[in-house]
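**Student:** Submitted below is the structure of interest, expressed as structure tokens.
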Amino acid sequence: MKTSFEMQGSARVVPLPDFLARARTLVDTQLDLLLPAESVSPTNIHAAIRWSVFAGGKRFRPALLLAIGETFGAPRDSLMATACALEMIHTYSLVHDDLPSMDDDDLRRGRPTCHVRFGEPSAILAGDALLTLAFKTIAEDEKLTATKRVGLISEIARAAGTPDGMVAGQAYDLEAEARNVAAEELEKIHRLKTGALITAAGRCGAIIADASAAALAAVTDYAGQLGLLFQITDDLLDVTATAEAIGKTPGKDARSRKATYPALHGIEATRKYLASTHAAACEPLSRIDRPTDLLRAIADFILEREA
């Protein structure tokens, strides 16, 4: 599917992979400026931060924010700080999820996890630093009004924490290990652990762009389903993909007896649920009075991704 990346300039049409690559380059360039250099003391913490942030992530959450913000006409430079802040929070969550006391993983994005490379204390502190740097980045973004910055900080704090955010989802995920869970409980875990921050990415893009209340509601529904779609795909890839393809240890969910869609429903039923969730993600786009080809292409990309 083709869509326009240069939404505020030329009408040049590029494939979605080019949009995602361009978004990643923009975000990586800005992150490099925002994060302390490895030479800055404490050097081990800053080295751990950069090891984790620049490990080759997809930058999906920032890309989603950019796509939605530009769909509603926000200048790109007004979106960048919040986009980078979301990636900092996402990376912190991965660093902490990989710890021995959490998911205990040795491989992330195709190389040793932060605690394996730098030690557990440094990994914990690197994650803590990324979380606080994220909020500092938004608080100091002079391209946005003070009122809007406070609103964005509140939005992301809710999505990243408890009782209805990522931290709660991780807690429920750990509690669900080695026991049977119902479909409703599993969906709640996924919507919080993965979906909350993805939903926030979509909402923040719309908020920065001053989208209407109706448009914000449609974006919330779209991004919420997108977050569930993303995690169901992750569940499926953990069963069907190789370490080389996904950049982390496959089969780990089953060995840890994690609550996942394949474990609960089986692979074929999960694939059918994936398709219905994709349709549910695309439905709210009909309520948006803007071109939505880009947003639909993002949903297609998640459905079809292999890593």
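To be explicit about the labels: the chains of the structure tokens are called A, B, and onward in the order shown, and within each one the residues are counted from 1, while ligands get numbers from 1 in the order they are shown.
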Find the residues near A:Ile153: any atom within 8 Å, counting only C-alpha atoms, skip ones fewer than 5 places away on the same chain, and give them as a ChimeraX atom specification.

**Tutor:** /A:135,138-139

**Student:** Which residues are close to stretch 261-274 of chain A, i.e. within 12 Å by only C-alpha atoms, leaving aside same-chain residues fewer than 6 positions away? Reply as a PyMOL selection string.

**Tutor:** chain A and resi 177-187+189-190+225-240+251+253-255+280-281+299-300+302-305

**Student:** Pull C-alpha atoms from the residues just selected and write them as a CSV table (one decimal), in the first residue's frame.

**Tutor:**
chain,number,residue,atom,x,y,z
A,177,GLU,CA,2.1,-17.0,34.9
A,178,ALA,CA,1.6,-20.8,35.5
A,179,ARG,CA,-2.2,-20.5,35.9
A,180,ASN,CA,-5.2,-20.6,33.6
A,181,VAL,CA,-6.7,-17.3,32.6
A,182,ALA,CA,-10.0,-16.5,30.9
A,183,ALA,CA,-10.1,-14.7,27.6
A,184,GLU,CA,-11.3,-11.4,29.2
A,185,GLU,CA,-8.4,-11.4,31.6
A,186,LEU,CA,-5.9,-12.1,28.9
A,187,GLU,CA,-7.3,-9.2,26.8
A,189,ILE,CA,-3.4,-7.8,30.3
A,190,HIS,CA,-2.5,-7.1,26.7
A,225,GLN,CA,-7.2,-2.0,18.8
A,226,LEU,CA,-3.8,-1.4,17.2
A,227,GLY,CA,-2.2,-2.1,20.6
A,228,LEU,CA,-4.1,-5.3,21.0
A,229,LEU,CA,-3.2,-6.3,17.4
A,230,PHE,CA,0.5,-5.6,18.1
A,231,GLN,CA,0.6,-7.8,21.2
A,232,ILE,CA,-1.4,-10.7,19.6
A,233,THR,CA,1.1,-10.6,16.8
A,234,ASP,CA,3.9,-10.8,19.3
A,235,ASP,CA,2.3,-13.8,21.0
A,236,LEU,CA,2.1,-15.5,17.6
A,237,LEU,CA,5.7,-14.7,16.6
A,238,ASP,CA,7.0,-16.1,19.9
A,239,VAL,CA,5.6,-19.5,18.8
A,240,THR,CA,6.2,-19.4,15.0
A,251,GLY,CA,9.4,-19.9,22.8
A,253,ASP,CA,6.4,-17.4,26.7
A,254,ALA,CA,5.6,-21.1,26.6
A,255,ARG,CA,8.6,-22.0,28.8
A,280,ALA,CA,-11.8,-3.6,14.5
A,281,ALA,CA,-8.7,-1.3,14.3
A,299,ALA,CA,-2.7,-1.6,10.8
A,300,ASP,CA,-1.9,-3.7,7.7
A,302,ILE,CA,1.2,-4.9,12.1
A,303,LEU,CA,-1.1,-7.7,10.8
A,304,GLU,CA,1.5,-8.9,8.4
A,305,ARG,CA,4.8,-8.2,10.3

**Student:** Would you please extract all alpha helix (DSSP H) residues from stretch 176-241 of chain A, as assigned by DSSP on the backbone, and give them as JSON, numbers by chain?

**Tutor:** {"A": [183, 184, 185, 186, 187, 188, 189, 190, 196, 197, 198, 199, 200, 201, 202, 203, 204, 205, 206, 207, 208, 213, 214, 215, 216, 217, 218, 219, 220, 221, 222, 223, 224, 225, 226, 227, 228, 229, 230, 231, 232, 233, 234, 235, 236, 237, 238, 239, 240]}

**Student:** Please provide the set of residues having any atom within 8 Å of A:Val95, restricted to only C-alpha atoms, with same-chain residues fewer than 3 positions apart removed, written as an NGL selection string.

**Tutor:** :A and (52 or 91-92 or 98-99 or 113-115 or 123-124 or 126-127)

**Student:** Okay, now the selection with C-alpha atoms, as a tab-separated table (two decimals), in the first residue's frame?

**Tutor:**
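The new file out-v5.tsv reads:
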chain	number	residue	atom	x	y	z
A	52	SER	CA	19.36	-0.02	24.86
A	91	THR	CA	12.84	1.32	26.00
A	92	TYR	CA	12.88	1.67	29.78
A	98	ASP	CA	14.23	-8.29	30.66
A	99	LEU	CA	15.60	-8.29	34.23
A	113	THR	CA	20.03	-7.42	27.01
A	114	CYS	CA	21.06	-4.40	29.05
A	115	HIS	CA	21.53	-6.28	32.33
A	123	ALA	CA	20.21	-1.73	33.88
A	124	ILE	CA	17.77	-0.74	36.62
A	126	ALA	CA	19.33	3.12	33.04
A	127	GLY	CA	15.61	2.33	32.92

**Student:** Which of these, A:Val150, A:Ala279, A:Ala176, A:Leu66, has the shortest distance to A:Lys136 once you count only C-alpha atoms?

**Tutor:**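 Comparing A:Val150, A:Ala279, A:Ala176, A:Leu66 against A:Lys136, the winner is A:Val150.
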
**Student:** Quick one: everything within 10 Å of A:Pro100, counting only C-alpha atoms, minus sequence neighbours fewer than 3 positions away in the same chain. Send it as a PyMOL selection string.

**Tutor:** chain A and resi 96-97+103-106+115-116+120

**Student:** Nearest to A:Arg117 among A:Ser78, A:Leu20, A:Arg59, A:Ile45, with distances taken over only C-alpha atoms: which residue is it?

**Tutor:**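 Nearest to A:Arg117: A:Ile45.
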
**Student:** How many Å lie between atom CA of A:Pro112 and atom CA of A:Gly169, rounded to one decimal?

**Tutor:**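 Separation between atom CA of A:Pro112 and atom CA of A:Gly169: 24.6 Å.
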
**Student:** Taking only C-alpha atoms into account, name the residue in A:His278, A:Lys58, A:Lys188, A:Arg50 that is nearest to A:Pro163.

**Tutor:** A:Lys188

**Student:** One number please: atom CA of A:Thr145 to atom CA of A:Asp32, in Å, one decimal.

**Tutor:**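 Atom-to-atom, atom CA of A:Thr145 to atom CA of A:Asp32, that is 24.1 Å.
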
**Student:** Which residues come within 12 Å of stretch 67-70 of chain A, counting only C-alpha atoms, excluding same-chain residues fewer than 5 positions away, as JSON, numbers by chain?

**Tutor:** {"A": [3, 4, 5, 6, 7, 8, 9, 16, 19, 20, 22, 23, 60, 61, 62, 75, 76, 77, 78, 79, 80, 82, 83, 198, 199, 200, 201, 202, 203, 204, 205, 206, 207, 208, 209, 210, 211, 215, 216, 218, 219, 220, 222, 223, 285, 288, 290, 291, 292, 293, 294, 295, 296, 297, 298, 299]}

**Student:** What does the distance between atom CA of A:Glu87 and atom CA of A:Pro15 come to in Å, to one decimal place?

**Tutor:**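 Here the two named atoms are 23.1 Å from each other.
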